[in-house]
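**Q** Let me begin by handing over the structure; questions about it come next.
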Amino acid sequence: MPRATVPTPVPSPSSAPATERDVEILRDALGPLRDREQVAARLLEASAKHSFDPDEELDWDAPAESGKWFWPPELVSLYDTPLWRRMSEGQRMDLARHEAASLASLGIWFEIILMQLLVRHIYDKPVTSNHVRYALTEIADECRHSMMFAKMIDKGGTPSYPVPRIYHNMARVLKTVSTTPGSFAATLLGEEILDWMQRLTFPDERVQPLVRGVTRIHVVEEARHVRYAREELRRQMVTAPRWEQELTRLSCGQAARVFSVCFVNPSVYDHVGVDRREAVTQVRLSGHRREVMQSGARRLTDFLDDIGVLRGAGRRMWKASGLLA
């Protein structure tokens, strides 16, 4: 069972007048929370040293290499299903190419939502603070990532794959009314599973060099974004009123269900000449696919469990999504 998350006041050792930061040190099941400004300062320093311009870093003019995948085959949705075994090697590689485009499209959708949530988060905060400066830095990162993913889709010669209209409009509501802890929980859901897959992709020499370059840049820069979101979600879950904590659990569970449905657009199967209904059914029944998705989510679900997000109806929704065993 997760431990209770309650603020623990600690008097400031200084005799100087107390500031809001000095009055208490917040603590949750993972221990004391780090000072918000110090975390942001370190992230700003890391951003200055390890940020990339994809237009300069990547060779966009190089042709695709024959015989190389656009996504590791083990991460393709149909891998190790009866349908996969009937497909030709050419069809499998083509499906990987389309699924890479589908994931890039999903990534752009999430990043556009994230940018709006970050702007809402900092709207009332001191504009000269490190916390706000880092949020603006992250927004700039996400702008580059979205353009990079769009360019990768074009270079792959596939269409883009927008999420179904119903989820597109649900997200419109989410980004308008989401509370702060709900925003950061959804942010981590969108970032951490894709990040896990990309960490397997960029060192994989079977994969196209351009795709490896794109995923390498994204992994390096997303590590900072995950740290920022985790620290802030911990803070929010400690300080939020009970009703907001409960709403966060429910909204996070619903986001997990939507994410699991949208992860691969079923239109990819049409483009490679396999029956969509049969493909969707086999993916749903695939033990390998279930293990891939749960492995990708495990680091996140462990964290959310520790800080008290995976409880009650929200936890049941995560299980229904297939992302939590």
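Residue numbers start at 1 in each chain; chains themselves are named A, B, ... in the order of the structure tokens; ligands are numbered from 1 in the order shown.
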So which residues touch Trp318 (chain A) within 10 Å, counting only C-alpha atoms, skipping near sequence neighbours fewer than 3 positions away, as a list in words?

**A**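 So, after excluding close chain neighbours, the residues are Arg249, Leu250, Cys252, Gly253, Gln254, Ala255, Ala256, Arg257, Ser260, Thr301, Leu310, Arg311, Ala313, Gly314, Arg315, Ser321, Gly322, Leu323, Leu324 and Ala325 of chain A.
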
**Q** Running DSSP on the backbone, which parts of region 85-313 of chain A land in helix (DSSP H, G or I), as a ChimeraX atom specification?

**A** /A:85-86,89-122,130-156,165-177,180-201,209-239,242-262,267-271,276-285,287-306,312-313

**Q** Could you name the residues that touch Ala64 (chain A) at 10 Å or less, counting only C-alpha atoms, but leaving out those on the same chain fewer than 3 positions away, as a list in words?

**A** Trp60, Asp61, Gly67, Lys68, Trp69, Phe70, Lys155, Gly156, Gln208, Pro209, Leu210 and Val211 of chain A

**Q** Could you dump the residues just selected with N, CA and C atoms as a compact mmCIF listing (two decimals), in the first residue's frame?

**A**
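Below is the file again.txt, written as the result:
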# COMPACT_ATOMS: atom_id res chain seq x y z
N TRP A 60 19.01 15.28 -43.13
CA TRP A 60 17.68 15.08 -43.69
C TRP A 60 17.71 14.73 -45.18
N ASP A 61 18.80 14.99 -45.83
CA ASP A 61 18.89 14.73 -47.28
C ASP A 61 19.37 13.32 -47.60
N GLY A 67 16.98 -2.22 -46.53
CA GLY A 67 17.07 -3.31 -45.58
C GLY A 67 17.03 -2.91 -44.13
N LYS A 68 16.85 -1.61 -43.84
CA LYS A 68 16.79 -1.17 -42.44
C LYS A 68 15.36 -0.77 -42.09
N TRP A 69 15.03 -1.00 -40.83
CA TRP A 69 13.69 -0.77 -40.32
C TRP A 69 13.50 0.70 -39.93
N PHE A 70 12.25 1.13 -39.90
CA PHE A 70 11.91 2.45 -39.38
C PHE A 70 11.50 2.38 -37.91
N LYS A 155 9.67 12.46 -44.47
CA LYS A 155 10.80 11.74 -45.05
C LYS A 155 10.50 10.25 -45.18
N GLY A 156 9.64 9.72 -44.33
CA GLY A 156 9.28 8.31 -44.40
C GLY A 156 8.31 7.97 -45.50
N GLN A 208 16.81 2.67 -39.29
CA GLN A 208 17.27 3.74 -40.16
C GLN A 208 18.03 4.82 -39.37
N PRO A 209 19.16 5.30 -39.90
CA PRO A 209 19.94 6.31 -39.17
C PRO A 209 19.14 7.56 -38.81
N LEU A 210 18.26 8.01 -39.70
CA LEU A 210 17.48 9.21 -39.40
C LEU A 210 16.57 8.97 -38.19
N VAL A 211 15.91 7.83 -38.16
CA VAL A 211 15.01 7.52 -37.04
C VAL A 211 15.82 7.42 -35.74

**Q** I'd like the contact shell of Leu114 (chain A) - 9 Å cut-off, only C-alpha atoms, skipping same-chain residues fewer than 3 positions apart - returned as an MDAnalysis selection string.

**A** chainID A and resid 109:111 117:119 139 142 175 183:184 186:187 190

**Q** What are the nearest atom pairs, with distances in Å to one decimal, for all residues of region 226-272 of chain A that come at most 10 Å from region 217-222 of chain A, using only C-alpha atoms, set out by chain and rising residue number as JSON lines?

**A**
{"residue": "A:Val226", "atom": "CA", "partner": "A:Glu222", "partner_atom": "CA", "distance": 6.1}
{"residue": "A:Arg227", "atom": "CA", "partner": "A:Glu222", "partner_atom": "CA", "distance": 8.5}
{"residue": "A:Tyr228", "atom": "CA", "partner": "A:Glu222", "partner_atom": "CA", "distance": 9.7}

**Q** Take CA of Ala171 (chain A) and CA of Leu304 (chain A) and report the distance between them in Å, one decimal.

**A**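 According to the coordinates, CA of Ala171 (chain A) and CA of Leu304 (chain A) are separated by 21.2 Å.
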
**Q** Give me the residues near Arg290 (chain A) as a CSV table (one decimal) with all heavy atoms, in the first residue's frame, where near means some atom within 10 Å (using only C-alpha atoms) and where sequence neighbours in that chain fewer than 3 positions away do not count.

**A**
chain,number,residue,atom,x,y,z
A,77,SER,N,3.3,-3.5,-33.5
A,77,SER,CA,2.1,-4.0,-32.8
A,77,SER,C,1.8,-5.4,-33.1
A,77,SER,O,1.4,-6.2,-32.2
A,77,SER,CB,0.9,-3.1,-33.1
A,77,SER,OG,0.6,-3.2,-34.5
A,283,VAL,N,-3.7,-7.9,-32.1
A,283,VAL,CA,-3.0,-7.1,-31.2
A,283,VAL,C,-3.5,-7.1,-29.8
A,283,VAL,O,-2.8,-7.2,-28.8
A,283,VAL,CB,-2.9,-5.6,-31.7
A,283,VAL,CG1,-2.3,-4.7,-30.7
A,283,VAL,CG2,-2.1,-5.6,-33.0
A,284,ARG,N,-4.9,-7.1,-29.7
A,284,ARG,CA,-5.5,-7.1,-28.4
A,284,ARG,C,-5.2,-8.4,-27.6
A,284,ARG,O,-5.1,-8.4,-26.4
A,284,ARG,CB,-7.0,-6.9,-28.6
A,284,ARG,CG,-7.8,-6.7,-27.2
A,284,ARG,CD,-9.2,-6.4,-27.4
A,284,ARG,NE,-10.0,-7.4,-28.1
A,284,ARG,CZ,-10.5,-7.3,-29.3
A,284,ARG,NH1,-10.3,-6.2,-30.0
A,284,ARG,NH2,-11.2,-8.2,-29.9
A,285,LEU,N,-5.1,-9.5,-28.4
A,285,LEU,CA,-4.9,-10.8,-27.8
A,285,LEU,C,-3.4,-11.2,-27.6
A,285,LEU,O,-3.1,-12.2,-27.0
A,285,LEU,CB,-5.6,-11.9,-28.6
A,285,LEU,CG,-7.1,-11.8,-28.7
A,285,LEU,CD1,-7.6,-12.9,-29.7
A,285,LEU,CD2,-7.8,-11.9,-27.4
A,286,SER,N,-2.5,-10.3,-28.1
A,286,SER,CA,-1.1,-10.7,-28.1
A,286,SER,C,-0.5,-10.5,-26.7
A,286,SER,O,-0.4,-9.4,-26.2
A,286,SER,CB,-0.4,-9.7,-29.1
A,286,SER,OG,1.0,-9.9,-29.0
A,287,GLY,N,0.1,-11.6,-26.2
A,287,GLY,CA,0.8,-11.5,-25.0
A,287,GLY,C,2.1,-10.7,-25.1
A,287,GLY,O,2.5,-10.0,-24.2
A,293,MET,N,3.8,-3.1,-23.8
A,293,MET,CA,3.1,-1.9,-23.3
A,293,MET,C,3.3,-1.8,-21.7
A,293,MET,O,3.5,-0.7,-21.2
A,293,MET,CB,1.7,-1.9,-23.7
A,293,MET,CG,1.4,-1.9,-25.2
A,293,MET,SD,2.2,-0.4,-26.0
A,293,MET,CE,1.2,0.9,-25.3
A,294,GLN,N,3.1,-2.9,-21.0
A,294,GLN,CA,3.3,-2.8,-19.6
A,294,GLN,C,4.7,-2.6,-19.2
A,294,GLN,O,5.0,-1.9,-18.2
A,294,GLN,CB,2.8,-4.1,-19.0
A,294,GLN,CG,1.2,-4.3,-19.1
A,294,GLN,CD,0.7,-5.6,-18.5
A,294,GLN,OE1,1.4,-6.4,-18.0
A,294,GLN,NE2,-0.6,-5.7,-18.6
A,295,SER,N,5.7,-3.1,-19.9
A,295,SER,CA,7.1,-2.8,-19.6
A,295,SER,C,7.4,-1.4,-19.9
A,295,SER,O,8.1,-0.7,-19.1
A,295,SER,CB,8.0,-3.7,-20.5
A,295,SER,OG,7.9,-5.1,-20.2
A,296,GLY,N,6.8,-0.8,-20.9
A,296,GLY,CA,7.0,0.6,-21.2
A,296,GLY,C,6.4,1.5,-20.2
A,296,GLY,O,7.0,2.6,-19.9
A,322,GLY,N,-4.9,-1.8,-20.0
A,322,GLY,CA,-3.8,-2.8,-20.4
A,322,GLY,C,-2.4,-2.4,-20.1
A,322,GLY,O,-1.5,-3.1,-20.3
A,323,LEU,N,-2.2,-1.2,-19.5
A,323,LEU,CA,-0.9,-0.7,-19.2
A,323,LEU,C,-0.4,-1.0,-17.8
A,323,LEU,O,0.7,-0.9,-17.5
A,323,LEU,CB,-0.9,0.9,-19.3
A,323,LEU,CG,-1.2,1.4,-20.7
A,323,LEU,CD1,-1.3,2.9,-20.7
A,323,LEU,CD2,-0.1,1.0,-21.7
A,324,LEU,N,-1.3,-1.6,-17.0
A,324,LEU,CA,-1.0,-2.0,-15.6
A,324,LEU,C,-1.4,-3.4,-15.4
A,324,LEU,O,-2.6,-3.8,-15.7
A,324,LEU,CB,-1.7,-1.1,-14.6
A,324,LEU,CG,-1.4,-1.3,-13.1
A,324,LEU,CD1,0.0,-1.1,-12.8
A,324,LEU,CD2,-2.4,-0.5,-12.3
A,325,ALA,N,-0.5,-4.2,-15.0
A,325,ALA,CA,-0.8,-5.7,-14.8
A,325,ALA,C,-1.8,-5.9,-13.6
A,325,ALA,O,-1.8,-5.1,-12.7
A,325,ALA,CB,0.5,-6.4,-14.6

**Q** Considering only C-alpha atoms, return as a PDB file with N, CA and C atoms, in the first residue's frame whatever protein or nucleic-acid residues lie within 12 Å of Met87 (chain A), sequence-local ones (same chain, fewer than 6 positions apart) excluded.

**A**
ATOM      1  N   LEU A  78       2.018  -5.882 -34.303  1.00  0.00           N
ATOM      2  CA  LEU A  78       1.657  -7.249 -34.679  1.00  0.00           C
ATOM      3  C   LEU A  78       2.775  -8.259 -34.449  1.00  0.00           C
ATOM      4  N   TYR A  79       3.897  -7.839 -33.956  1.00  0.00           N
ATOM      5  CA  TYR A  79       5.038  -8.746 -33.806  1.00  0.00           C
ATOM      6  C   TYR A  79       4.646 -10.011 -33.041  1.00  0.00           C
ATOM      7  N   ASP A  80       5.059 -11.159 -33.569  1.00  0.00           N
ATOM      8  CA  ASP A  80       4.870 -12.458 -32.928  1.00  0.00           C
ATOM      9  C   ASP A  80       3.403 -12.885 -32.839  1.00  0.00           C
ATOM     10  N   THR A  81       2.547 -12.322 -33.704  1.00  0.00           N
ATOM     11  CA  THR A  81       1.158 -12.792 -33.809  1.00  0.00           C
ATOM     12  C   THR A  81       1.046 -13.731 -35.009  1.00  0.00           C
ATOM     13  N   MET A  93       8.249  -4.722 -42.691  1.00  0.00           N
ATOM     14  CA  MET A  93       9.048  -3.487 -42.665  1.00  0.00           C
ATOM     15  C   MET A  93       8.190  -2.282 -43.021  1.00  0.00           C
ATOM     16  N   ASP A  94       7.228  -2.495 -43.925  1.00  0.00           N
ATOM     17  CA  ASP A  94       6.329  -1.402 -44.299  1.00  0.00           C
ATOM     18  C   ASP A  94       5.433  -1.028 -43.121  1.00  0.00           C
ATOM     19  N   LEU A  95       4.960  -2.056 -42.391  1.00  0.00           N
ATOM     20  CA  LEU A  95       4.143  -1.776 -41.213  1.00  0.00           C
ATOM     21  C   LEU A  95       4.954  -0.999 -40.179  1.00  0.00           C
ATOM     22  N   TYR A 269      -2.825  -0.537 -40.766  1.00  0.00           N
ATOM     23  CA  TYR A 269      -2.995  -1.879 -41.326  1.00  0.00           C
ATOM     24  C   TYR A 269      -3.554  -1.824 -42.748  1.00  0.00           C
ATOM     25  N   VAL A 272      -0.823  -1.335 -45.403  1.00  0.00           N
ATOM     26  CA  VAL A 272       0.114  -2.414 -45.728  1.00  0.00           C
ATOM     27  C   VAL A 272      -0.606  -3.662 -46.214  1.00  0.00           C
ATOM     28  N   GLY A 273      -1.917  -3.524 -46.466  1.00  0.00           N
ATOM     29  CA  GLY A 273      -2.652  -4.618 -47.096  1.00  0.00           C
ATOM     30  C   GLY A 273      -3.025  -5.761 -46.194  1.00  0.00           C
ATOM     31  N   VAL A 274      -3.218  -5.494 -44.874  1.00  0.00           N
ATOM     32  CA  VAL A 274      -3.715  -6.546 -43.985  1.00  0.00           C
ATOM     33  C   VAL A 274      -5.085  -6.135 -43.456  1.00  0.00           C
ATOM     34  N   ASP A 275      -5.884  -7.114 -43.102  1.00  0.00           N
ATOM     35  CA  ASP A 275      -7.237  -6.845 -42.648  1.00  0.00           C
ATOM     36  C   ASP A 275      -7.225  -6.111 -41.309  1.00  0.00           C
ATOM     37  N   ALA A 279      -6.287  -7.579 -37.603  1.00  0.00           N
ATOM     38  CA  ALA A 279      -5.069  -7.054 -36.980  1.00  0.00           C
ATOM     39  C   ALA A 279      -5.362  -6.513 -35.586  1.00  0.00           C
TER      40      ALA A 279
END

**Q** Using only C-alpha atoms, which of the listed residues (A:Lys319, A:Arg165, A:His271, A:Arg235) sits closest to Arg92 (chain A)?

**A**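 Ranked by minimum distance to Arg92 (chain A), first place goes to A:His271.
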
**Q** Given only C-alpha atoms, how would the per-residue table for region 183-296 of chain A near region 306-309 of chain A read, listing every residue at most 9 Å away with its closest atom pair and distance in Å to one decimal, sorted by chain and number, as CSV?

**A**
residue,atom,partner,partner_atom,distance
A:Ala185,CA,A:Val309,CA,8.6
A:Leu233,CA,A:Ile307,CA,8.8
A:Arg234,CA,A:Ile307,CA,6.6
A:Met237,CA,A:Ile307,CA,7.4
A:Val238,CA,A:Ile307,CA,8.6
A:Gln245,CA,A:Val309,CA,7.6
A:Glu246,CA,A:Val309,CA,8.2
A:Thr248,CA,A:Val309,CA,7.2
A:Arg249,CA,A:Val309,CA,5.2
A:Leu250,CA,A:Val309,CA,8.8
A:Cys252,CA,A:Val309,CA,8.0

**Q** Using only C-alpha atoms, pick whichever of A:Val207, A:Arg36, A:Val280, A:Phe259 has the shortest atom-to-atom distance to Ser129 (chain A).

**A**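 Residue with the minimum atom-to-atom distance to Ser129 (chain A): A:Arg36.
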
**Q** Measuring atom to atom with only C-alpha atoms, identify which of A:Ala140, A:Ala229, A:Ile108, A:Ala62 is nearest to Val39 (chain A).

**A** A:Ala229

**Q** May I ask which of the residues A:Thr180, A:Thr281, A:Ser47, A:Gln198 is the closest one to Thr215 (chain A), counting only C-alpha atoms?

**A**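 Smallest separation from Thr215 (chain A) among the options: A:Gln198.
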
**Q** May I ask for the distance between CA of Ile113 (chain A) and CA of Glu232 (chain A), given in Å to one decimal place?

**A** 17.3 Å
